[in-house]
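The file upload_3.json contains JSON, C-alpha atoms:
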[["chain", "number", "residue", "atom", "x", "y", "z"],
["A", 441, "MET", "CA", 83.13, 76.92, 112.91],
["A", 442, "TRP", "CA", 80.83, 77.81, 115.84],
["A", 443, "SER", "CA", 82.20, 75.12, 118.12],
["A", 444, "ARG", "CA", 85.81, 76.01, 117.30],
["A", 445, "PHE", "CA", 85.53, 79.30, 119.24],
["A", 446, "SER", "CA", 83.29, 78.02, 122.02],
["A", 447, "ASN", "CA", 86.49, 77.34, 123.96],
["A", 448, "PRO", "CA", 87.29, 80.71, 125.64],
["A", 449, "ALA", "CA", 91.02, 79.93, 125.80],
["A", 450, "ARG", "CA", 91.15, 79.30, 122.05],
["A", 451, "PHE", "CA", 89.09, 82.42, 121.43],
["A", 452, "GLU", "CA", 91.37, 84.54, 123.61],
["A", 453, "ALA", "CA", 94.44, 83.32, 121.74],
["A", 454, "MET", "CA", 92.77, 84.27, 118.46],
["A", 455, "ALA", "CA", 91.66, 87.66, 119.84],
["A", 456, "ARG", "CA", 95.18, 88.46, 121.10],
["A", 457, "ALA", "CA", 96.55, 87.85, 117.59],
["A", 458, "LEU", "CA", 93.73, 89.60, 115.70],
["A", 459, "ALA", "CA", 93.26, 92.72, 117.84],
["A", 460, "PRO", "CA", 96.57, 94.45, 116.91],
["A", 461, "ILE", "CA", 95.94, 93.73, 113.21],
["A", 462, "LEU", "CA", 92.47, 95.30, 113.40],
["A", 463, "PHE", "CA", 93.84, 98.33, 115.23],
["A", 464, "ALA", "CA", 96.58, 98.77, 112.62],
["A", 465, "VAL", "CA", 93.99, 98.56, 109.79],
["A", 466, "PHE", "CA", 91.88, 101.15, 111.63],
["A", 467, "ALA", "CA", 94.82, 103.54, 112.13],
["A", 468, "LEU", "CA", 96.04, 103.28, 108.52],
["A", 469, "CYS", "CA", 92.61, 103.58, 106.88],
["A", 470, "ALA", "CA", 91.49, 106.36, 109.24],
["A", 471, "GLY", "CA", 94.70, 108.32, 108.56],
["A", 472, "PHE", "CA", 94.26, 107.95, 104.81],
["A", 473, "GLY", "CA", 90.50, 108.60, 104.96],
["A", 474, "LEU", "CA", 90.83, 111.72, 107.11],
["A", 475, "TYR", "CA", 93.56, 113.18, 104.90],
["A", 476, "THR", "CA", 91.76, 112.51, 101.62],
["A", 477, "GLY", "CA", 88.32, 113.35, 103.04],
["A", 478, "LEU", "CA", 89.34, 116.68, 104.53],
["A", 479, "LEU", "CA", 92.04, 117.85, 102.14],
["A", 480, "ALA", "CA", 92.35, 115.85, 98.91],
["A", 481, "SER", "CA", 88.77, 115.12, 97.84],
["A", 482, "PRO", "CA", 86.79, 117.71, 95.87],
["A", 483, "ALA", "CA", 83.88, 119.77, 97.22],
["A", 484, "ASP", "CA", 80.42, 118.86, 95.95],
["A", 485, "TYR", "CA", 78.99, 121.04, 93.19],
["A", 486, "GLN", "CA", 75.75, 121.55, 95.15],
["A", 487, "GLN", "CA", 76.66, 121.08, 98.82],
["A", 488, "GLY", "CA", 80.12, 122.60, 98.68],
["A", 489, "ASP", "CA", 82.48, 121.58, 101.50],
["A", 490, "ALA", "CA", 79.62, 120.37, 103.71],
["A", 491, "VAL", "CA", 79.87, 117.08, 101.77],
["A", 492, "ARG", "CA", 83.03, 116.29, 103.78],
["A", 493, "ILE", "CA", 80.78, 115.50, 106.75],
["A", 494, "MET", "CA", 79.74, 112.43, 104.73],
["A", 495, "TYR", "CA", 83.13, 110.78, 105.47],
["A", 496, "VAL", "CA", 82.37, 110.61, 109.21],
["A", 497, "HIS", "CA", 78.56, 110.42, 109.03],
["A", 498, "VAL", "CA", 78.04, 107.52, 106.58],
["A", 499, "PRO", "CA", 80.55, 105.11, 108.24],
["A", 500, "ALA", "CA", 78.96, 105.83, 111.66],
["A", 501, "ALA", "CA", 75.46, 105.16, 110.28],
["A", 502, "TRP", "CA", 76.64, 101.97, 108.54],
["A", 503, "LEU", "CA", 78.30, 100.75, 111.76],
["A", 504, "ALA", "CA", 75.19, 101.61, 113.81],
["A", 505, "MET", "CA", 73.15, 99.21, 111.67],
["A", 506, "PHE", "CA", 75.90, 96.60, 111.28],
["A", 507, "ALA", "CA", 76.58, 96.49, 115.03],
["A", 508, "TYR", "CA", 72.90, 95.98, 115.76],
["A", 509, "SER", "CA", 72.65, 93.23, 113.11],
["A", 510, "PHE", "CA", 75.69, 91.60, 114.75],
["A", 511, "ILE", "CA", 74.02, 91.79, 118.19],
["A", 512, "ALA", "CA", 70.79, 90.30, 116.81],
["A", 513, "GLY", "CA", 72.79, 87.54, 115.03],
["A", 514, "MET", "CA", 74.72, 86.69, 118.19],
["A", 515, "SER", "CA", 71.47, 86.68, 120.19],
["A", 516, "LEU", "CA", 70.00, 84.19, 117.72],
["A", 517, "VAL", "CA", 73.13, 82.02, 118.00],
["A", 518, "ALA", "CA", 72.85, 82.17, 121.80],
["A", 519, "PHE", "CA", 69.18, 81.18, 121.66],
["A", 520, "VAL", "CA", 69.50, 78.36, 119.13],
["A", 521, "TRP", "CA", 72.98, 76.88, 119.70],
["A", 522, "ARG", "CA", 73.64, 78.03, 123.30],
["A", 523, "HIS", "CA", 77.11, 79.15, 122.18],
["A", 524, "SER", "CA", 79.09, 80.16, 125.24],
["A", 525, "LEU", "CA", 80.56, 83.31, 123.68],
["A", 526, "ALA", "CA", 77.53, 84.62, 121.76],
["A", 527, "ASP", "CA", 76.09, 86.65, 124.64],
["A", 528, "VAL", "CA", 79.56, 87.96, 125.52],
["A", 529, "ALA", "CA", 80.05, 89.10, 121.91],
["A", 530, "ALA", "CA", 76.61, 90.72, 121.71],
["A", 531, "ARG", "CA", 77.10, 92.57, 124.98],
["A", 532, "ALA", "CA", 80.59, 93.75, 123.98],
["A", 533, "ALA", "CA", 79.19, 95.21, 120.73],
["A", 534, "ALA", "CA", 76.36, 97.15, 122.39],
["A", 535, "VAL", "CA", 78.16, 100.24, 123.71],
["A", 536, "PRO", "CA", 80.23, 100.78, 120.51],
["A", 537, "GLY", "CA", 77.00, 100.33, 118.52],
["A", 538, "ALA", "CA", 75.19, 102.91, 120.65],
["A", 539, "ALA", "CA", 78.14, 105.31, 120.32],
["A", 540, "PHE", "CA", 78.19, 104.97, 116.51],
["A", 541, "THR", "CA", 74.41, 105.54, 116.42],
["A", 542, "ALA", "CA", 74.80, 108.70, 118.51],
["A", 543, "LEU", "CA", 77.62, 109.83, 116.19],
["A", 544, "ALA", "CA", 75.42, 109.22, 113.13],
["A", 545, "LEU", "CA", 72.62, 111.27, 114.68],
["A", 546, "VAL", "CA", 74.86, 114.15, 115.79],
["A", 547, "THR", "CA", 76.93, 114.38, 112.58],
["A", 548, "GLY", "CA", 73.70, 114.02, 110.58],
["A", 549, "ALA", "CA", 72.21, 116.98, 112.45],
["A", 550, "ILE", "CA", 75.37, 119.02, 111.80],
["A", 551, "TRP", "CA", 75.18, 118.09, 108.10],
["A", 552, "GLY", "CA", 71.44, 118.84, 108.00],
["A", 553, "LYS", "CA", 71.79, 122.46, 109.10],
["A", 554, "PRO", "CA", 73.79, 123.77, 106.08],
["A", 555, "THR", "CA", 72.12, 121.34, 103.64],
["A", 556, "TRP", "CA", 68.43, 121.36, 104.65],
["A", 557, "GLY", "CA", 68.41, 124.46, 106.84],
["A", 558, "ALA", "CA", 67.35, 122.46, 109.90],
["A", 559, "TRP", "CA", 69.23, 120.50, 112.60],
["A", 560, "TRP", "CA", 66.44, 117.93, 112.85],
["A", 561, "VAL", "CA", 63.29, 116.92, 110.98],
["A", 562, "TRP", "CA", 60.90, 114.12, 111.96],
["A", 563, "ASP", "CA", 61.77, 112.27, 108.81],
["A", 564, "ALA", "CA", 61.42, 108.46, 108.55],
["A", 565, "ARG", "CA", 65.19, 107.82, 108.33],
["A", 566, "LEU", "CA", 66.08, 110.14, 111.20],
["A", 567, "THR", "CA", 63.26, 108.95, 113.42],
["A", 568, "SER", "CA", 64.04, 105.25, 112.86],
["A", 569, "MET", "CA", 67.71, 105.94, 113.67],
["A", 570, "LEU", "CA", 66.65, 107.68, 116.89],
["A", 571, "ILE", "CA", 64.53, 104.61, 117.76],
["A", 572, "LEU", "CA", 67.60, 102.42, 117.12],
["A", 573, "PHE", "CA", 69.55, 104.55, 119.60],
["A", 574, "PHE", "CA", 66.85, 104.03, 122.26],
["A", 575, "VAL", "CA", 66.82, 100.27, 121.56],
["A", 576, "TYR", "CA", 70.60, 100.23, 122.11],
["A", 577, "LEU", "CA", 70.16, 102.09, 125.41],
["A", 578, "GLY", "CA", 67.51, 99.60, 126.48],
["A", 579, "TYR", "CA", 69.78, 96.67, 125.58],
["A", 580, "VAL", "CA", 72.68, 98.10, 127.59],
["A", 581, "ALA", "CA", 70.34, 98.92, 130.51],
["A", 582, "ILE", "CA", 69.01, 95.34, 130.68],
["A", 583, "TRP", "CA", 72.52, 93.95, 131.10],
["A", 584, "GLN", "CA", 73.34, 96.57, 133.73],
["A", 585, "ALA", "CA", 70.08, 96.28, 135.69],
["A", 586, "ALA", "CA", 69.40, 92.56, 136.06],
["A", 587, "SER", "CA", 70.96, 90.86, 139.08],
["A", 588, "GLU", "CA", 71.00, 87.36, 137.54],
["A", 589, "PRO", "CA", 73.14, 87.07, 134.38],
["A", 590, "ALA", "CA", 71.00, 84.25, 132.93],
["A", 591, "ARG", "CA", 67.82, 86.31, 133.31],
["A", 592, "ALA", "CA", 69.51, 89.41, 131.85],
["A", 593, "ALA", "CA", 70.76, 87.36, 128.91],
["A", 594, "ARG", "CA", 67.25, 86.04, 128.14],
["A", 595, "PHE", "CA", 65.65, 89.52, 128.18],
["A", 596, "ALA", "CA", 68.55, 91.07, 126.23],
["A", 597, "ARG", "CA", 68.30, 88.39, 123.50],
["A", 598, "ILE", "CA", 64.55, 88.96, 123.15],
["A", 599, "LEU", "CA", 64.99, 92.74, 122.89],
["A", 600, "ALA", "CA", 67.81, 92.33, 120.36],
["A", 601, "LEU", "CA", 65.73, 90.03, 118.14],
["A", 602, "VAL", "CA", 62.52, 92.10, 118.37],
["A", 603, "GLY", "CA", 64.45, 95.34, 117.79],
["A", 604, "PHE", "CA", 66.00, 93.91, 114.62],
["A", 605, "ILE", "CA", 62.77, 94.73, 112.78],
["A", 606, "ASN", "CA", 63.95, 98.36, 112.86],
["A", 607, "ILE", "CA", 67.02, 97.64, 110.68],
["A", 608, "PRO", "CA", 65.17, 97.05, 107.34],
["A", 609, "ILE", "CA", 62.90, 99.97, 108.25],
["A", 610, "ILE", "CA", 65.98, 102.24, 108.55],
["A", 611, "LYS", "CA", 67.47, 100.87, 105.31],
["A", 612, "PHE", "CA", 64.33, 101.18, 103.17],
["A", 613, "SER", "CA", 62.73, 104.20, 104.88],
["A", 614, "VAL", "CA", 64.05, 106.49, 102.13],
["A", 615, "ASP", "CA", 62.31, 104.33, 99.50],
["A", 616, "TRP", "CA", 59.06, 103.65, 101.38],
["A", 617, "TRP", "CA", 58.28, 107.21, 102.51],
["A", 618, "ASN", "CA", 58.84, 110.73, 101.26],
["A", 619, "SER", "CA", 62.08, 111.85, 102.84],
["A", 620, "LEU", "CA", 64.46, 114.77, 102.93],
["A", 621, "HIS", "CA", 67.23, 112.20, 103.27],
["A", 622, "GLN", "CA", 68.83, 111.19, 99.99],
["A", 623, "PRO", "CA", 68.07, 107.68, 98.63],
["A", 624, "ALA", "CA", 70.69, 104.91, 98.49],
["A", 625, "SER", "CA", 73.71, 106.14, 96.51],
["A", 626, "ILE", "CA", 76.37, 103.47, 97.15],
["A", 627, "ILE", "CA", 74.74, 100.02, 97.26],
["A", 628, "ARG", "CA", 72.57, 100.15, 94.11],
["A", 629, "ALA", "CA", 71.84, 97.71, 91.31],
["A", 630, "ASP", "CA", 73.22, 100.15, 88.71],
["A", 631, "GLY", "CA", 76.34, 101.03, 90.71],
["A", 632, "PRO", "CA", 77.22, 103.95, 93.01],
["A", 633, "THR", "CA", 76.16, 107.45, 92.00],
["A", 634, "ILE", "CA", 79.08, 109.05, 93.86],
["A", 635, "ASP", "CA", 82.25, 110.06, 92.04],
["A", 636, "ALA", "CA", 85.32, 107.84, 92.56],
["A", 637, "ALA", "CA", 87.22, 110.80, 94.09],
["A", 638, "MET", "CA", 84.66, 110.79, 96.91],
["A", 639, "LEU", "CA", 84.12, 107.03, 97.07],
["A", 640, "THR", "CA", 87.81, 106.35, 97.86],
["A", 641, "PRO", "CA", 87.93, 108.28, 101.18],
["A", 642, "LEU", "CA", 84.43, 107.06, 102.01],
["A", 643, "PHE", "CA", 85.42, 103.40, 101.61],
["A", 644, "ALA", "CA", 88.64, 104.03, 103.55],
["A", 645, "MET", "CA", 86.62, 105.45, 106.46],
["A", 646, "ILE", "CA", 84.06, 102.60, 106.29],
["A", 647, "ILE", "CA", 86.92, 100.06, 106.51],
["A", 648, "ALA", "CA", 88.49, 102.08, 109.36],
["A", 649, "TYR", "CA", 85.26, 102.22, 111.38],
["A", 650, "SER", "CA", 84.59, 98.50, 110.74],
["A", 651, "ALA", "CA", 88.09, 97.53, 111.91],
["A", 652, "LEU", "CA", 87.64, 99.74, 114.97],
["A", 653, "PHE", "CA", 84.33, 98.05, 115.75],
["A", 654, "GLY", "CA", 86.06, 94.65, 115.49],
["A", 655, "TRP", "CA", 88.83, 95.82, 117.83],
["A", 656, "LEU", "CA", 86.38, 97.31, 120.35],
["A", 657, "THR", "CA", 84.28, 94.14, 120.36],
["A", 658, "LEU", "CA", 87.26, 91.78, 120.72],
["A", 659, "THR", "CA", 88.76, 93.90, 123.51],
["A", 660, "GLY", "CA", 85.44, 94.07, 125.34],
["A", 661, "MET", "CA", 85.03, 90.30, 125.02],
["A", 662, "GLN", "CA", 88.53, 89.66, 126.36],
["A", 663, "ALA", "CA", 87.83, 91.88, 129.40],
["A", 664, "ALA", "CA", 84.47, 90.17, 129.99],
["A", 665, "LEU", "CA", 86.01, 86.68, 129.82],
["A", 666, "ILE", "CA", 88.72, 87.60, 132.35],
["A", 667, "ARG", "CA", 86.02, 89.07, 134.64],
["A", 668, "GLN", "CA", 83.95, 85.87, 134.36],
["A", 669, "ARG", "CA", 87.04, 83.76, 135.14],
["A", 670, "LEU", "CA", 87.82, 85.84, 138.23],
["A", 671, "GLU", "CA", 84.22, 85.65, 139.44],
["A", 672, "ARG", "CA", 84.23, 81.84, 139.07],
["A", 673, "ARG", "CA", 87.53, 81.67, 140.93],
["A", 674, "ALA", "CA", 86.14, 83.89, 143.72],
["A", 675, "MET", "CA", 83.09, 81.62, 144.05],
["A", 676, "ARG", "CA", 85.32, 78.54, 144.38],
["A", 677, "ALA", "CA", 87.38, 80.21, 147.12],
["A", 678, "PRO", "CA", 84.97, 82.58, 148.92],
["A", 679, "SER", "CA", 87.31, 83.21, 151.84],
["A", 680, "ARG", "CA", 89.89, 84.89, 149.62],
["A", 681, "PRO", "CA", 88.64, 88.28, 148.37],
["A", 682, "VAL", "CA", 89.25, 89.18, 144.74],
["A", 683, "ALA", "CA", 91.45, 92.28, 144.47],
["A", 684, "GLU", "CA", 89.55, 95.21, 143.01],
["A", 685, "PRO", "CA", 91.33, 97.18, 140.28],
["A", 686, "ALA", "CA", 92.61, 100.62, 141.17],
["A", 687, "SER", "CA", 90.35, 102.06, 138.49],
["A", 688, "ASP", "CA", 87.17, 100.42, 137.31],
["A", 689, "ALA", "CA", 87.14, 102.56, 134.15],
["A", 690, "GLY", "CA", 85.45, 100.88, 131.27],
["A", 691, "SER", "CA", 83.87, 98.07, 133.28],
["A", 692, "ALA", "CA", 80.47, 99.15, 132.02],
["A", 693, "LEU", "CA", 81.82, 98.96, 128.50],
["B", 441, "MET", "CA", 89.38, 126.60, 105.14],
["B", 442, "PHE", "CA", 85.98, 125.27, 104.01],
["B", 443, "GLY", "CA", 84.26, 128.61, 103.53],
["B", 444, "THR", "CA", 80.97, 129.12, 105.33],
["B", 445, "HIS", "CA", 80.85, 125.38, 106.10],
["B", 446, "THR", "CA", 84.05, 125.39, 108.18],
["B", 447, "PRO", "CA", 82.38, 125.22, 111.64],
["B", 448, "TYR", "CA", 80.06, 122.39, 110.54],
["B", 449, "VAL", "CA", 82.84, 120.31, 109.00],
["B", 450, "LEU", "CA", 85.29, 120.84, 111.87],
["B", 451, "ALA", "CA", 82.63, 120.22, 114.54],
["B", 452, "SER", "CA", 81.56, 116.92, 112.96],
["B", 453, "TYR", "CA", 85.17, 115.68, 112.71],
["B", 454, "ALA", "CA", 86.05, 116.88, 116.23],
["B", 455, "ILE", "CA", 83.02, 115.15, 117.79],
["B", 456, "SER", "CA", 83.67, 111.94, 115.84],
["B", 457, "LEU", "CA", 87.34, 111.82, 116.83],
["B", 458, "ALA", "CA", 86.54, 112.63, 120.47],
["B", 459, "VAL", "CA", 83.97, 109.82, 120.74],
["B", 460, "ILE", "CA", 86.22, 107.32, 118.95],
["B", 461, "GLY", "CA", 89.16, 108.32, 121.15],
["B", 462, "ALA", "CA", 87.07, 107.93, 124.29],
["B", 463, "LEU", "CA", 85.88, 104.47, 123.20],
["B", 464, "ILE", "CA", 89.45, 103.32, 122.51],
["B", 465, "VAL", "CA", 90.82, 104.65, 125.82],
["B", 466, "LEU", "CA", 87.97, 103.21, 127.91],
["B", 467, "ARG", "CA", 88.18, 99.77, 126.29],
["B", 468, "TRP", "CA", 91.97, 99.76, 126.58],
["B", 469, "ARG", "CA", 91.85, 100.74, 130.26],
["B", 470, "GLY", "CA", 89.03, 98.28, 130.97],
["B", 471, "LEU", "CA", 91.03, 95.37, 129.54],
["B", 472, "ALA", "CA", 94.25, 96.49, 131.27],
["B", 473, "ALA", "CA", 92.39, 96.70, 134.61],
["B", 474, "GLN", "CA", 91.00, 93.17, 134.24],
["B", 475, "ARG", "CA", 94.44, 91.79, 133.27],
["B", 476, "GLN", "CA", 95.99, 93.55, 136.27],
["B", 477, "ARG", "CA", 93.30, 92.11, 138.53],
["B", 478, "GLU", "CA", 93.86, 88.61, 137.17],
["B", 479, "ALA", "CA", 97.64, 88.92, 137.59],
["B", 480, "ALA", "CA", 97.12, 90.04, 141.21],
["B", 481, "VAL", "CA", 94.83, 87.06, 141.93],
["B", 482, "LYS", "CA", 97.28, 84.62, 140.31],
["B", 483, "GLY", "CA", 100.13, 86.18, 142.30],
["B", 484, "ASP", "CA", 98.15, 85.77, 145.54],
["B", 485, "GLY", "CA", 97.41, 82.13, 144.68],
["B", 486, "ALA", "CA", 101.05, 81.29, 143.99],
["B", 487, "LYS", "CA", 102.09, 83.02, 147.24],
["B", 488, "SER", "CA", 99.54, 81.03, 149.26],
["B", 489, "GLU", "CA", 100.74, 77.77, 147.70],
["B", 490, "ARG", "CA", 104.36, 78.58, 148.56],
["B", 491, "GLN", "CA", 103.41, 79.42, 152.15],
["B", 492, "ALA", "CA", 101.43, 76.16, 152.45]]

Using the file provided, produce a representation of the structure as structure tokens.
Amino acid sequence: MWSRFSNPARFEAMARALAPILFAVFALCAGFGLYTGLLASPADYQQGDAVRIMYVHVPAAWLAMFAYSFIAGMSLVAFVWRHSLADVAARAAAVPGAAFTALALVTGAIWGKPTWGAWWVWDARLTSMLILFFVYLGYVAIWQAASEPARAARFARILALVGFINIPIIKFSVDWWNSLHQPASIIRADGPTIDAAMLTPLFAMIIAYSALFGWLTLTGMQAALIRQRLERRAMRAPSRPVAEPASDAGSAL
Amino acid sequence: MFGTHTPYVLASYAISLAVIGALIVLRWRGLAAQRQREAAVKGDGAKSERQA
């Protein structure tokens, strides 16, 4: 399985086929989730319409943790098996992961104001999510700052693996400490405590965000592989300059 | 629309959609720029071979 996609050409062929499917899943589920979340689902008996923020907040928070787990997993694969695409995948997932973490923090603050009466509290869940955001920034900064890719990769893998300790802390913070944040209400041994009318748009948005993350990661990996190929080509023929793109938008992504 | 919660609900959706839209556009443009760059390099290579 691992070795099958260690060939970049084979991976790129797979990515070209999979990317449009992921984008279509994102568009369909997001359309359905936004419609049902904003218009068709009922208001909460305690929170009123503020509960609709859940449909953009929870998927962002889930993706923030999933993306980091993915980065840590890929870093482990790069360390242990020296898989040629593992670092590329981890790096491509970092900016979307940081963006989803920022979204979870911002939408959480907006939800907190009408629900708790405060934009921010130094609660265990909120603080550990803020730490996750800083870890993401550090990870992205390492890749941007180091001049040697091999050195950057080594430091980035170490940070990703050390920072992974924060993921179970985020998950169980609501059980381990007193918290304003509600405890787990979806993944529970005795089943979700949320009504099916609210679970349907929530699951649709979780699938949409997950498909989007897949698309963003695949697209970032494709761009990185082309860039690597061009750099290798330029090194083989140093007298011929590599044409710079008219716009370098998204190169940091 | 959502009573006293309207600004909170609309702001959270607007920010989410803006960030997601920006991510999609930047990734799309980033990949298109790299493909364009690769096509230009391949075109240059083929031209040089023909001239040789």

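Nearest-residue note for A:Phe573: choosing from A:Ile605, A:Ala470, A:Leu543, A:Leu525, the minimum distance belongs to A:Leu543, counting only C-alpha atoms.
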
Response to the item:
B:Leu450 proximity check over A:Ala480, A:Leu639, A:Val496, A:Ile666, using all atoms listed in the file: winner is A:Val496

Worksheet item: Between atom CA of A:Ile646 and atom CA of A:Lys553, what is the spacing in Å?
Response: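 Those two atoms sit 23.5 Å apart.
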
Practice prompt. Excluding A:Val517 and any residue of its chain fewer than 2 positions from it, enumerate the residues within 12 Å of it, using all atoms listed in the file, and give them as a list in words.
Written response: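 Using all atoms listed in the file, the neighbours found are Trp442, Ser443, Ser446, Phe510, Ile511, Ala512, Gly513, Met514, Ser515, Phe519, Val520, Trp521, Arg522, His523, Ser524, Leu525, Ala526, Asp527, Val528, Ala529, Ala530, Arg597, Ala600 and Leu601 of chain A.
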
Worksheet entry | atom CA of A:Leu642 to atom CA of A:Met494, straight-line distance in Å | 7.6 Å

Discussion item. So, with all atoms listed in the file as the atoms that count, which of A:Ser587, A:Asn606, A:Gln487, A:Thr567 lies closest to chain B?
Written reply: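 Going through A:Ser587, A:Asn606, A:Gln487, A:Thr567 one by one, the smallest distance to chain B is for A:Gln487.
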
Worksheet item: Counting all atoms listed in the file, which residues of chain B come no farther than 9 Å from chain A, as a PyMOL selection string?
Response: chain B and resi 442-446+448-453+455-456+459-460+463-478+480-481

Worksheet, complete the sentence: atom CA of A:Lys611 to atom CA of A:Met569 measures 9.8 Å

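Compared by their closest atoms to A:Ala507, and using all atoms listed in the file, the residues A:Tyr576, A:Phe643, A:Phe472, A:Phe612 rank with A:Tyr576 nearest.
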
Fill in: Among the residues A:Thr633, A:Ser613, A:Gln668, A:Thr541, the one that comes closest to A:Val498 [using only C-alpha atoms]
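Closest to A:Val498 of all the choices is A:Thr541.
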